[in-house]
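Notes to accompany the following structure.
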Amino acid sequence: MGFTSYISRKAAQLAVVMFIGIIVSFFMFRLLPGDPTASLLDPRLDPEAKIEIIRRFGLDKPLYEQFILYITNILRGDFGISFSYTGMSVSEVIFGQRLINTLALMSTGIALSAVIGTLLGLAIGWRSGGILDRTFTGLLYLVFSAPVFWVALLIQFYLGYQAGLIPISGTSSYIGVDVDFTTYLADYMLHMVGPVITLAFFFIPSYYIYIRNVVSSMKGEDFVVTLRAVGLSERIILVRHIARHVAIHTLTITSNQSPLLVTGAVFTETVFGWNGIGRLLYDSILRADYPVLQGIFILTILVVVITNIVTDVIYYLIDPRIKVR
Amino acid sequence: MRSSGSVIASLRDPAILAGLVSLLAMIMFSLTGLLLSPWDPNLIRGDPLSPPSLAHPLGTDDIGRDVAAMIYRGVLTSIFIGVSAAIVTTILGLVVGIIASIFRGFVDAAMMRIVDFLLATPSLVLALILIAFLKPSIYNVILVLAITGWPGVARIVRAHSLQILSTGYVEAARALGASSWHIALRHLVPASIPVTLAAIVTTTRAAVLLEAGLGFLGLGDPSAISLGTILFYARRSAALASGAWWVIVPAGLLITIIVFALTMISIGIESRTLKRE
């Protein structure tokens, strides 16, 4: 089976997943709380606006007609109107500053962790079995077990409140103030320090543990023994040969994490008041902003599906022999 | 009884033993603490945010409750919710996995697509959206944890029981006229126990973390003190600004120890199954 047919089969499979997600969200948001209109219709709206929304989403029609309308609206990118951000559509609430903030934070956090975690895994996996390996691996399993919101609290408490090294909360100190771009950027990045350290604590262990195990089991493989016999130095074997194999594993872990690029880190963003999608999700739960919740849910599934396809293409580009299932 | 034999043998694994012992120690510690402590975790019995002292070994929280007493209660709540959620999750996953493997065809395909979907969706996002609709109570938290957790178990059980279905003894049973029910109950369920035990540990781990997270966000049962809700109160109050480390450090550390113990057990089980294969 060629690459094109493999990818199209995979795409069809993922389309099914996407479709299930859309169906699930339709029923979840319409049937769960009893009254079908309750979760989609802001009780605080004035009657005219209410009628307009009922008409637009067909909430007075039978369920199957609502479903068709719902699908057409989604395809048109219309996710409804937010309850809590009055006058804003769900798309306006999600796509914009919040999505940029989340993408900036998560890509920094994940990229940093991927590099550090992989390098640590390579270095220590290559020396696995010793006391250094045991201590360090044990320590990282401990970090791996720490809940991320607690780590965030500790960093905020010790680095923010106690030491005063990082801003305690927020994305920027210059909201509504006009400053030049470099000042703004420097301040923005300073606000990002706490959340990024938190994310590093969260992501590094998963990279490290995985890569350490891969490298440690690769040490005894025939090709390594051969390379050694040929007279290559340990360093060259590690850098030229092992590191190459490891890259694909780093990619796998990163692709598994990548839905978080968009859904954000709910806990980290909430603790540090980072104005992103993760915090929006939490705020929308507290405010019962169901349209925004539905928008985030559908966006999440979409991102999962897209990253899946992109990862497969990258895999194929790295290694065309890759198993075609 | 091969399975009970392997359970006893697995106690000789240092990782499993250490994990189990620390879990039991935590439970004993919390039970004795709860019995011996003069303070009721729900009652205001001191000045707000007073530092650790002889009377209050871990100080008091922002409304003057004894933090140590809250922690004894919290450990028990967290472990109780984690284990119950894991049992519900595992049973659900076991049933779906076995049904899918027996019926194959459409039932299997439909179930596996739902599993694919749930596995692909970040479980925290799903859990948060579900909890937004349900009243926060211990049972709903368990329900949400089960809904997000069962697909992983179902996939493992299905793969495992497909393997068993292709073995000679199941075919022999079928040739003798055994019904699908009989095969499921007498062959697939017992044969799935080792896989299921491993799944219970990993789902407990995930459930403890997720429950703590929901509690931390204030979305847990408001009437039950769990380790997560202690941190929720700490964040909501002026505890951080006033330097009250005792309301944030111990509760989180205990979640970490519980999760670490479960991690050790699951590493132990994993390495044992690898050795056996």
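Scheme for the structure tokens: letters A, B, ... for chains in order shown; per-chain residue numbers from 1; ligand numbers from 1 in order shown.
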
Within 12 Å of Ser192 (chain B) using only C-alpha atoms, minus same-chain residues under 6 positions, as a list in words | Ser3, Thr90, Ile91, Gly93, Leu94, Val95, Gly97, Ile98, Val153, Ala154, Ile156, Val157, Arg158, Ala159, His160, Ser161, Leu162, Gln163, Ile164, Leu165, Ala184, Leu185, Arg186, Ala198 and Ala199 of chain B

Could the residues in this selection be saved with N, CA and C atoms as an mmCIF file, in the first residue's frame?
```
data_model
loop_
_atom_site.group_PDB
_atom_site.id
_atom_site.type_symbol
_atom_site.label_atom_id
_atom_site.label_comp_id
_atom_site.auth_asym_id
_atom_site.auth_seq_id
_atom_site.Cartn_x
_atom_site.Cartn_y
_atom_site.Cartn_z
ATOM 1 N N SER B 3 -3.391 -17.055 39.180
ATOM 2 C CA SER B 3 -3.396 -15.612 39.365
ATOM 3 C C SER B 3 -3.061 -15.232 40.811
ATOM 4 N N THR B 90 -12.374 0.034 35.585
ATOM 5 C CA THR B 90 -11.844 -1.230 35.111
ATOM 6 C C THR B 90 -12.959 -2.204 34.754
ATOM 7 N N ILE B 91 -14.012 -2.233 35.583
ATOM 8 C CA ILE B 91 -15.118 -3.142 35.275
ATOM 9 C C ILE B 91 -15.760 -2.745 33.939
ATOM 10 N N GLY B 93 -14.387 -1.070 31.482
ATOM 11 C CA GLY B 93 -13.457 -1.381 30.398
ATOM 12 C C GLY B 93 -13.413 -2.875 30.105
ATOM 13 N N LEU B 94 -13.467 -3.679 31.167
ATOM 14 C CA LEU B 94 -13.433 -5.137 31.020
ATOM 15 C C LEU B 94 -14.651 -5.611 30.231
ATOM 16 N N VAL B 95 -15.833 -5.111 30.619
ATOM 17 C CA VAL B 95 -17.070 -5.535 29.952
ATOM 18 C C VAL B 95 -17.043 -5.133 28.479
ATOM 19 N N GLY B 97 -14.463 -4.280 26.579
ATOM 20 C CA GLY B 97 -13.384 -4.949 25.851
ATOM 21 C C GLY B 97 -13.749 -6.376 25.478
ATOM 22 N N ILE B 98 -14.352 -7.095 26.430
ATOM 23 C CA ILE B 98 -14.697 -8.496 26.156
ATOM 24 C C ILE B 98 -15.845 -8.586 25.152
ATOM 25 N N VAL B 153 -8.679 1.042 29.306
ATOM 26 C CA VAL B 153 -8.797 -0.338 29.775
ATOM 27 C C VAL B 153 -9.452 -1.205 28.706
ATOM 28 N N ALA B 154 -10.512 -0.679 28.089
ATOM 29 C CA ALA B 154 -11.236 -1.463 27.086
ATOM 30 C C ALA B 154 -10.313 -1.884 25.944
ATOM 31 N N ILE B 156 -7.008 -2.294 25.984
ATOM 32 C CA ILE B 156 -6.055 -3.321 26.422
ATOM 33 C C ILE B 156 -6.742 -4.678 26.550
ATOM 34 N N VAL B 157 -7.919 -4.680 27.213
ATOM 35 C CA VAL B 157 -8.625 -5.940 27.430
ATOM 36 C C VAL B 157 -9.035 -6.567 26.106
ATOM 37 N N ARG B 158 -9.503 -5.729 25.168
ATOM 38 C CA ARG B 158 -9.933 -6.245 23.877
ATOM 39 C C ARG B 158 -8.758 -6.933 23.158
ATOM 40 N N ALA B 159 -7.614 -6.244 23.109
ATOM 41 C CA ALA B 159 -6.450 -6.816 22.438
ATOM 42 C C ALA B 159 -6.056 -8.143 23.082
ATOM 43 N N HIS B 160 -6.076 -8.147 24.420
ATOM 44 C CA HIS B 160 -5.684 -9.351 25.144
ATOM 45 C C HIS B 160 -6.664 -10.493 24.894
ATOM 46 N N SER B 161 -7.963 -10.184 24.926
ATOM 47 C CA SER B 161 -8.903 -11.291 24.797
ATOM 48 C C SER B 161 -9.034 -11.760 23.353
ATOM 49 N N LEU B 162 -8.703 -10.886 22.387
ATOM 50 C CA LEU B 162 -8.638 -11.366 21.001
ATOM 51 C C LEU B 162 -7.554 -12.442 20.879
ATOM 52 N N GLN B 163 -6.445 -12.203 21.588
ATOM 53 C CA GLN B 163 -5.346 -13.170 21.596
ATOM 54 C C GLN B 163 -5.804 -14.512 22.177
ATOM 55 N N ILE B 164 -6.523 -14.403 23.304
ATOM 56 C CA ILE B 164 -6.968 -15.629 23.970
ATOM 57 C C ILE B 164 -7.984 -16.380 23.120
ATOM 58 N N LEU B 165 -8.856 -15.603 22.449
ATOM 59 C CA LEU B 165 -9.881 -16.243 21.625
ATOM 60 C C LEU B 165 -9.273 -17.086 20.515
ATOM 61 N N ALA B 184 -16.938 -16.175 27.606
ATOM 62 C CA ALA B 184 -16.596 -14.877 28.202
ATOM 63 C C ALA B 184 -16.358 -15.017 29.696
ATOM 64 N N LEU B 185 -17.310 -15.695 30.374
ATOM 65 C CA LEU B 185 -17.230 -15.733 31.835
ATOM 66 C C LEU B 185 -16.180 -16.716 32.340
ATOM 67 N N ARG B 186 -16.060 -17.875 31.674
ATOM 68 C CA ARG B 186 -15.168 -18.904 32.196
ATOM 69 C C ARG B 186 -13.742 -18.782 31.671
ATOM 70 N N ALA B 198 -3.102 -4.659 36.442
ATOM 71 C CA ALA B 198 -2.213 -3.573 36.033
ATOM 72 C C ALA B 198 -3.028 -2.329 35.700
ATOM 73 N N ALA B 199 -4.170 -2.547 35.040
ATOM 74 C CA ALA B 199 -5.004 -1.408 34.655
ATOM 75 C C ALA B 199 -5.572 -0.703 35.882
#
```

Please identify every residue of chain A that has at least one atom no more than 6 Å from any atom of chain B, counting only C-alpha atoms, and report them as a PDB file with N, CA and C atoms, in the first residue's frame.
```pdb
ATOM      1  N   VAL A  17     -13.594   9.872  13.752  1.00  0.00           N
ATOM      2  CA  VAL A  17     -13.389  10.357  15.119  1.00  0.00           C
ATOM      3  C   VAL A  17     -13.960  11.765  15.276  1.00  0.00           C
ATOM      4  N   LEU A 142       9.551  10.904  40.742  1.00  0.00           N
ATOM      5  CA  LEU A 142       8.907  11.658  41.812  1.00  0.00           C
ATOM      6  C   LEU A 142       8.298  12.950  41.250  1.00  0.00           C
ATOM      7  N   SER A 145       5.237  12.402  39.452  1.00  0.00           N
ATOM      8  CA  SER A 145       4.077  12.117  40.280  1.00  0.00           C
ATOM      9  C   SER A 145       3.484  13.366  40.914  1.00  0.00           C
ATOM     10  N   ALA A 146       4.197  14.484  40.846  1.00  0.00           N
ATOM     11  CA  ALA A 146       3.694  15.693  41.490  1.00  0.00           C
ATOM     12  C   ALA A 146       2.601  16.315  40.640  1.00  0.00           C
ATOM     13  N   TRP A 150       0.050  21.857  41.902  1.00  0.00           N
ATOM     14  CA  TRP A 150       0.828  22.055  43.129  1.00  0.00           C
ATOM     15  C   TRP A 150       2.201  22.645  42.795  1.00  0.00           C
ATOM     16  N   PHE A 157       4.466  30.665  44.778  1.00  0.00           N
ATOM     17  CA  PHE A 157       4.667  31.022  46.178  1.00  0.00           C
ATOM     18  C   PHE A 157       6.123  31.391  46.441  1.00  0.00           C
ATOM     19  N   ILE A 285     -16.569  27.238  32.691  1.00  0.00           N
ATOM     20  CA  ILE A 285     -17.287  26.290  33.541  1.00  0.00           C
ATOM     21  C   ILE A 285     -17.918  27.042  34.703  1.00  0.00           C
TER      22      ILE A 285
END
```

If we count only C-alpha atoms, what is near Ser84 (chain A) at a cut-off of 8 Å, once residues fewer than 5 positions away on the same chain are taken out, given as a PyMOL selection string?
-> chain A and resi 284+287+289

Okay, now the selection with N, CA, C and O atoms, as an mmCIF file, in the first residue's frame?
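Output file out_35.cif follows:
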```cif
data_model
loop_
_atom_site.group_PDB
_atom_site.id
_atom_site.type_symbol
_atom_site.label_atom_id
_atom_site.label_comp_id
_atom_site.auth_asym_id
_atom_site.auth_seq_id
_atom_site.Cartn_x
_atom_site.Cartn_y
_atom_site.Cartn_z
ATOM 1 N N SER A 284 -15.187 29.439 31.823
ATOM 2 C CA SER A 284 -16.470 29.159 31.185
ATOM 3 C C SER A 284 -17.273 28.141 31.985
ATOM 4 O O SER A 284 -18.504 28.167 31.966
ATOM 5 N N ARG A 287 -18.776 30.087 34.837
ATOM 6 C CA ARG A 287 -19.830 31.004 34.401
ATOM 7 C C ARG A 287 -20.925 30.293 33.627
ATOM 8 O O ARG A 287 -21.805 30.947 33.079
ATOM 9 N N ASP A 289 -20.821 29.087 30.730
ATOM 10 C CA ASP A 289 -20.851 29.599 29.370
ATOM 11 C C ASP A 289 -20.781 28.417 28.398
ATOM 12 O O ASP A 289 -19.736 28.112 27.829
#
```

In Å, rounded to a single decimal, give me how far CA of Glu211 (chain B) is from CA of Thr268 (chain A).
-> 16.4 Å

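Distances here use only C-alpha atoms; by that measure, the residue among B:Leu35, B:Val141, B:Ile230, B:Leu49 closest to Ala85 (chain B) is B:Val141.
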
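If you measure from each of B:Ile183, B:Thr273, B:Pro52, B:Ser266 to Ala18 (chain B) using only C-alpha atoms, the closest one turns out to be B:Ser266.
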
Write out as a PyMOL selection string all residues of region 110-286 of chain A that backbone DSSP assigns to alpha helix (DSSP H).
-> chain A and resi 110-126+131-145+148-155+181-218+222-230+234-236+243-257+259-263+266-271+277-286

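Residues within 7 Å of region 123-140 of chain A, counting only C-alpha atoms and excluding same-chain residues fewer than 2 positions away, are A:Leu119, A:Leu120, A:Gly121, A:Leu142, A:Val143, A:Phe144, A:Pro205, A:Arg212, A:Asn213, A:Val215, A:Ser216, A:Lys219.
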
Can you tell me, as a list of chain:residue names, what residues are no more than 7 Å from Thr60 (chain B) when counting only C-alpha atoms, ignoring any on the same chain fewer than 2 positions away?
-> B:Gly46, B:Pro48, B:Leu49, B:Ser50, B:Pro51, B:His56, B:Leu58, B:Asp62, B:Gly64, B:Arg65, B:Asp66, B:Val67

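With only C-alpha atoms taken into account, the protein and nucleic acid residues at most 7 Å from Thr203 (chain B) (excluding it and anything under 4 positions from it in its own chain) are B:Ala86, B:Gly149, B:Ala199, B:Ala207.
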
What gap, in Å, lies between CA of Ile81 (chain B) and CA of Ser10 (chain B)?
->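 Rounded to one decimal, the two atoms are 25.0 Å apart.
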
So how far away is CA of Val90 (chain A) from CA of Gly295 (chain A), in Å?
-> 6.6 Å

Contacts of Phe95 (chain A) at 12 Å or less, counting only C-alpha atoms, minus same-chain residues fewer than 6 places along, as a list in words?
->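 Contacts, with the query itself left out: Gly77, Phe79, Met88, Ser89, Asn101, Thr102, Leu103, Val262, Thr263, Gly276, Ile277, Leu280, Val292, Gly295, Ile296 and Leu299 of chain A.
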
Across A:Arg279, A:Phe83, A:Phe267, A:Ile298, the smallest distance to Gly215 (chain B), with only C-alpha atoms counted, is shown by A:Phe267

Using only C-alpha atoms, which of the listed residues (B:Leu76, B:Arg155, B:His187, B:Gly220) sits closest to Ile142 (chain B)?
->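 Nearest to Ile142 (chain B): B:Gly220.
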